[in-house]
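What's in query.cif: mmCIF, C-alpha atoms
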data_structure
loop_
_atom_site.label_atom_id
_atom_site.label_comp_id
_atom_site.auth_asym_id
_atom_site.auth_seq_id
_atom_site.Cartn_x
_atom_site.Cartn_y
_atom_site.Cartn_z
CA SER A 1 1.98 -24.80 -21.77
CA THR A 2 2.48 -21.28 -20.47
CA PRO A 3 -0.01 -20.47 -17.67
CA ALA A 4 -2.31 -17.56 -18.28
CA PRO A 5 -1.20 -14.37 -16.52
CA GLN A 6 -3.06 -13.54 -13.36
CA HIS A 7 -5.37 -10.56 -13.25
CA PRO A 8 -3.81 -7.88 -11.01
CA VAL A 9 -6.74 -8.11 -8.58
CA CYS A 10 -6.14 -11.86 -8.10
CA ALA A 11 -2.34 -11.72 -8.00
CA PRO A 12 -0.66 -12.37 -4.63
CA PRO A 13 0.33 -9.24 -2.70
CA PHE A 14 3.84 -7.82 -2.83
CA GLY A 15 3.77 -7.35 0.92
CA VAL A 16 1.86 -8.33 4.05
CA LEU A 17 1.88 -6.01 7.05
CA GLN A 18 0.61 -6.19 10.59
CA ASP A 19 -2.52 -4.24 11.51
CA ASP A 20 -1.53 -1.36 13.78
CA GLY A 21 -5.00 -1.12 15.31
CA SER A 22 -5.22 2.63 14.80
CA ARG A 23 -7.82 3.95 12.38
CA SER A 24 -6.55 7.51 12.23
CA THR A 25 -5.87 9.24 8.90
CA ARG A 26 -2.18 9.32 9.89
CA PHE A 27 -1.87 5.58 9.14
CA SER A 28 -4.48 5.27 6.40
CA PRO A 29 -5.32 3.67 4.06
CA TYR A 30 -3.72 0.37 5.18
CA PHE A 31 -3.33 1.10 8.93
CA SER A 32 -0.15 -0.95 8.84
CA ASN A 33 2.43 -1.27 11.59
CA SER A 34 6.12 -1.21 10.75
CA GLY A 35 7.03 -3.60 13.54
CA PHE A 36 6.25 -6.76 11.56
CA TYR A 37 5.97 -7.17 7.80
CA PHE A 38 7.11 -9.31 4.88
CA LEU A 39 7.90 -8.14 1.35
CA ARG A 40 8.08 -10.29 -1.78
CA ALA A 41 11.29 -9.66 -3.74
CA GLY A 42 10.81 -7.73 -6.95
CA PRO A 43 11.44 -4.37 -8.60
CA ARG A 44 8.45 -2.71 -6.94
CA THR A 45 9.39 -3.76 -3.44
CA ARG A 46 13.04 -2.83 -4.07
CA TYR A 47 11.92 0.64 -5.13
CA PHE A 48 9.70 0.85 -2.06
CA MET A 49 12.51 -0.09 0.35
CA THR A 50 14.96 2.22 -1.40
CA SER A 51 12.49 5.09 -1.04
CA LEU A 52 12.07 4.26 2.64
CA LEU A 53 15.84 4.16 3.22
CA TYR A 54 16.22 7.50 1.45
CA GLY A 55 13.42 8.92 3.60
CA GLY A 56 15.55 9.34 6.70
CA ASP A 57 14.80 13.05 6.84
CA GLN A 58 11.08 12.30 6.76
CA ILE A 59 11.44 9.78 9.58
CA LEU A 60 13.38 12.29 11.71
CA GLU A 61 10.91 15.07 11.02
CA TRP A 62 7.85 12.94 11.80
CA ARG A 63 9.64 11.05 14.59
CA SER A 64 8.07 7.89 13.25
CA HIS A 65 9.42 5.14 11.00
CA GLN A 66 5.85 3.87 10.73
CA SER A 67 4.35 7.13 9.41
CA ALA A 68 6.98 7.32 6.68
CA LEU A 69 6.48 3.66 5.76
CA VAL A 70 2.69 4.04 5.44
CA GLN A 71 2.99 7.22 3.36
CA ILE A 72 5.55 5.70 0.95
CA LEU A 73 3.49 2.49 0.80
CA ALA A 74 0.41 4.43 -0.31
CA ASP A 75 2.49 6.38 -2.83
CA CYS A 76 3.99 3.22 -4.38
CA SER A 77 0.60 1.54 -4.48
CA SER A 78 -0.91 4.48 -6.35
CA LYS A 79 1.98 4.96 -8.79
CA PHE A 80 3.19 1.42 -9.43
CA GLY A 81 0.43 -0.92 -8.29
CA LEU A 82 2.31 -2.17 -5.22
CA LYS A 83 -0.38 -4.45 -3.85
CA VAL A 84 -0.27 -5.13 -0.10
CA LYS A 85 -2.41 -6.92 2.45
CA THR A 86 -3.05 -5.99 6.07
CA LEU A 87 -2.99 -9.08 8.27
CA SER A 88 -5.74 -10.10 10.68
CA TYR A 89 -5.19 -8.86 14.22
CA ALA A 90 -6.43 -12.22 15.54
CA ASP A 91 -3.47 -13.99 13.93
CA PHE A 92 -0.94 -11.16 14.32
CA PRO A 93 -1.95 -9.17 17.41
CA SER A 94 -0.23 -6.06 18.70
CA GLY A 95 -0.08 -3.74 21.68
CA LYS A 96 -3.49 -2.39 20.69
CA ASP A 97 -4.92 -5.79 21.54
CA TYR A 98 -2.87 -6.09 24.72
CA HIS A 99 -4.08 -2.75 26.05
CA HIS A 100 -7.55 -2.40 24.53
CA ARG A 101 -8.99 -5.80 23.54
CA LYS A 102 -9.37 -7.65 26.81
CA PRO A 103 -11.81 -10.31 25.46
CA TYR A 104 -9.25 -11.25 22.80
CA MET A 105 -6.42 -11.39 25.34
CA GLN A 106 -8.53 -13.58 27.63
CA LYS A 107 -9.16 -16.03 24.79
CA TRP A 108 -5.46 -16.03 23.90
CA LEU A 109 -4.35 -16.75 27.47
CA GLN A 110 -7.02 -19.46 27.78
CA GLY A 111 -5.69 -21.18 24.65
CA GLU A 112 -8.64 -20.29 22.42
CA GLU A 113 -6.60 -17.99 20.16
CA HIS A 114 -3.30 -19.05 18.59
CA PRO A 115 -1.46 -16.04 17.14
CA TYR A 116 1.58 -16.50 14.95
CA ALA A 117 3.44 -13.37 16.04
CA PHE A 118 2.97 -10.53 18.50
CA HIS A 119 4.33 -6.98 18.44
CA MET A 120 4.23 -4.86 21.61
CA CYS A 121 3.46 -1.50 20.05
CA TRP A 122 1.10 1.06 21.65
CA THR A 123 3.51 1.08 24.63
CA GLN A 124 5.35 4.10 25.99
CA ASN A 125 8.89 2.76 26.23
CA LYS A 126 11.13 -0.30 25.87
CA VAL A 127 11.30 -0.89 29.62
CA ASP A 128 7.52 -1.35 29.80
CA LYS A 129 7.54 -3.50 26.65
CA VAL A 130 9.90 -5.99 28.28
CA LYS A 131 7.84 -6.08 31.48
CA TYR A 132 4.59 -6.66 29.61
CA LEU A 133 6.15 -9.44 27.52
CA LYS A 134 7.47 -11.14 30.66
CA GLN A 135 4.00 -11.00 32.24
CA LEU A 136 2.53 -12.42 29.07
CA GLY A 137 4.97 -15.32 28.88
CA GLY A 138 6.49 -13.97 25.70
CA TRP A 139 10.06 -13.31 26.84
CA PHE A 140 12.70 -15.93 26.01
CA MET A 141 15.89 -14.50 27.49
CA GLU A 142 17.46 -15.45 30.80
CA ARG A 143 17.04 -12.96 33.64
CA THR A 144 20.83 -12.54 33.72
CA CYS A 145 20.64 -11.10 30.19
CA ASN A 146 19.51 -7.58 30.92
CA GLU A 147 20.49 -4.17 29.63
CA ASP A 148 23.34 -3.77 32.11
CA THR A 149 25.01 -7.12 31.42
CA LEU A 150 24.60 -6.72 27.67
CA ARG A 151 26.19 -3.27 27.79
CA SER A 152 29.11 -4.47 29.89
CA GLY A 153 30.04 -7.18 27.42
CA GLU A 154 30.61 -9.81 30.11
CA LEU A 155 28.12 -12.19 28.49
CA PHE A 156 30.00 -12.10 25.19
CA ALA A 157 33.09 -13.41 26.97
CA LYS A 158 31.12 -16.53 27.92
CA GLY A 159 30.14 -17.38 24.36
CA GLY A 160 27.45 -16.48 21.85
CA LEU A 161 24.23 -14.90 23.02
CA ALA A 162 22.24 -17.89 21.76
CA GLN A 163 24.02 -20.08 24.31
CA THR A 164 24.17 -17.62 27.20
CA CYS A 165 20.86 -15.78 26.89
CA CYS A 166 18.20 -17.69 24.95
CA THR A 167 15.86 -20.06 26.75
CA ALA A 168 13.35 -22.54 25.35
CA GLU A 169 10.91 -21.82 28.17
CA PRO A 170 9.51 -18.32 28.62
CA VAL A 171 10.61 -16.14 31.53
CA LEU A 172 7.48 -15.35 33.49
CA ASP A 173 7.49 -12.42 35.95
CA CYS A 174 4.81 -10.24 37.51
CA PHE A 175 5.06 -6.46 37.50
CA PHE A 176 1.55 -4.96 37.34
CA LYS A 177 -1.76 -6.41 38.49
CA ASP A 178 -3.79 -4.21 36.14
CA LYS A 179 -2.10 -5.47 32.93
CA ALA A 180 -2.72 -8.70 31.03
CA SER A 181 -0.66 -11.59 32.40
CA LYS A 182 -0.26 -15.32 31.94
CA GLU A 183 -0.88 -15.82 35.66
CA PRO A 184 -2.68 -13.54 38.13
CA CYS A 185 -0.35 -10.83 39.44
CA LEU A 186 -2.61 -9.92 42.34
CA GLU A 187 0.24 -9.00 44.70
CA SER A 188 1.88 -6.64 42.22
CA PRO A 189 1.31 -2.86 42.17
CA ASN A 190 -0.78 -1.02 39.63
CA LYS A 191 0.68 0.47 36.48
CA ASP A 192 -2.21 2.90 36.05
CA LYS A 193 -3.42 4.60 39.20
CA GLY A 194 -6.86 3.41 40.32
CA ALA A 195 -7.18 0.69 37.66
CA PRO A 196 -8.71 -2.60 38.83
CA SER A 197 -6.91 -5.94 38.71
CA TRP A 198 -6.89 -7.31 35.14
CA TRP A 199 -7.94 -10.73 36.42
CA ARG A 200 -10.79 -9.49 38.59
CA ALA A 201 -12.24 -6.66 36.53
#
Hey, can you dump this file as structure tokens for me?
Amino acid sequence: STPAPQHPVCAPPFGVLQDDGSRSTRFSPYFSNSGFYFLRAGPRTRYFMTSLLYGGDQILEWRSHQSALVQILADCSSKFGLKVKTLSYADFPSGKDYHHRKPYMQKWLQGEEHPYAFHMCWTQNKVDKVKYLKQLGGWFMERTCNEDTLRSGELFAKGGLAQTCCTAEPVLDCFFKDKASKEPCLESPNKDKGAPSWWRA
């Protein structure tokens, strides 16, 4: 027998997106982050992605891929019923949690929280992102695989990056004592002037 069609309210979402953490009108109404999301294949999501790809001028003007994504997402939801879900920050944390939710980070590092994925947003630049991930035990590339060696191409001569760069065990380094870390970085300098040690505060 043919199953009864689902009511739109009960139907599964067309997309799931990570919670950015911000509650400003700029990212409303879903407060989604563009760093991690899944879309279910279909005509509505194809239209959504096509609109986003054609929105390059909007991205350049706003200097934000995320702002354009959220605006087009809201537009497609209103016009075509593109139903989406914002994921729980406890399961899919972000840089907002790293920088501003210390109790959550403490539980995570103590093994009481078990996130599925982490996105280091809310961070000024890529250099700091890599340092924070290394402190957190979330970096899985050999120390020899850095920006300089990747630019030079010498690693590619040794084989694929999976063989020369990837590691099963995380690379753990200390950079800043006032930022969340897998192990205490008490001998490291501060990132923010005058901030107390993350492990002692």
*Go through the shown structure with the PyMOL selection byres ((chain A and resi 64-68) around 7) and write out the matching residues as a PyMOL selection string.*
chain A and resi 26-27+33-34+58-59+62-63+69-72
*When the PyMOL selection byres ((chain A and resi 181-184) around 6) is applied to the file above, which residues end up in the set, as JSON, numbers by chain?*
{"A": [135, 136, 180, 185, 186]}
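Across the chains present, the PyMOL selection byres ((chain A and resi 35) around 12) applied to this file returns A:Val16, A:Leu17, A:Gln18, A:Asp19, A:Asp20, A:Ser32, A:Asn33, A:Ser34, A:Phe36, A:Tyr37, A:Phe38, A:Ser64, A:His65, A:Gln66, A:Ser67, A:Leu69, A:Val70, A:Phe92, A:Pro93, A:Ser94, A:Gly95, A:Ala117, A:Phe118, A:His119, A:Met120, A:Cys121, A:Trp122.
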*asked:* Using all atoms listed in the file, can you tell me which of A:Pro12, A:Pro43, A:Lys102, A:Gly138 comes closest to Lys83 (chain A)?
replied: A:Pro12
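The residue that comes closest to Leu73 (chain A), out of A:Tyr98, A:Tyr47, A:Tyr89, A:Trp108 and on the basis of all atoms listed in the file, is A:Tyr47.
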*Could you state the separation of CA of Trp139 (chain A) and CA of Thr167 (chain A) in Å, given to one decimal place?*
8.9 Å
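Closest to Ser188 (chain A) among A:Arg151, A:Cys174, A:Gly111, A:Met105 is A:Cys174, based on only C-alpha atoms.
Only residues having an atom at most 12 Å from (-8.6, 3.2, 1.6) are included; using only C-alpha atoms, these are A:Arg23, A:Ser24, A:Thr25, A:Phe27, A:Ser28, A:Pro29, A:Tyr30, A:Phe31, A:Ser32, A:Val70, A:Ala74, A:Ser77, A:Ser78, A:Val84, A:Lys85, A:Thr86.
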*asked:* Could you tell me how far CA of Asp192 (chain A) sits from CA of Thr123 (chain A), in Å to one decimal place?
replied: 12.9 Å
*So which residues touch Trp198 (chain A) within 8 Å, counting only C-alpha atoms, skipping near sequence neighbours fewer than 5 positions away, as an MDAnalysis selection string?*
chainID A and resid 177:180
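Each of A:Glu61, A:Asp148, A:Leu172, A:Lys107 was checked against Leu133 (chain A) using only C-alpha atoms; the smallest atom-to-atom distance is that of A:Leu172.
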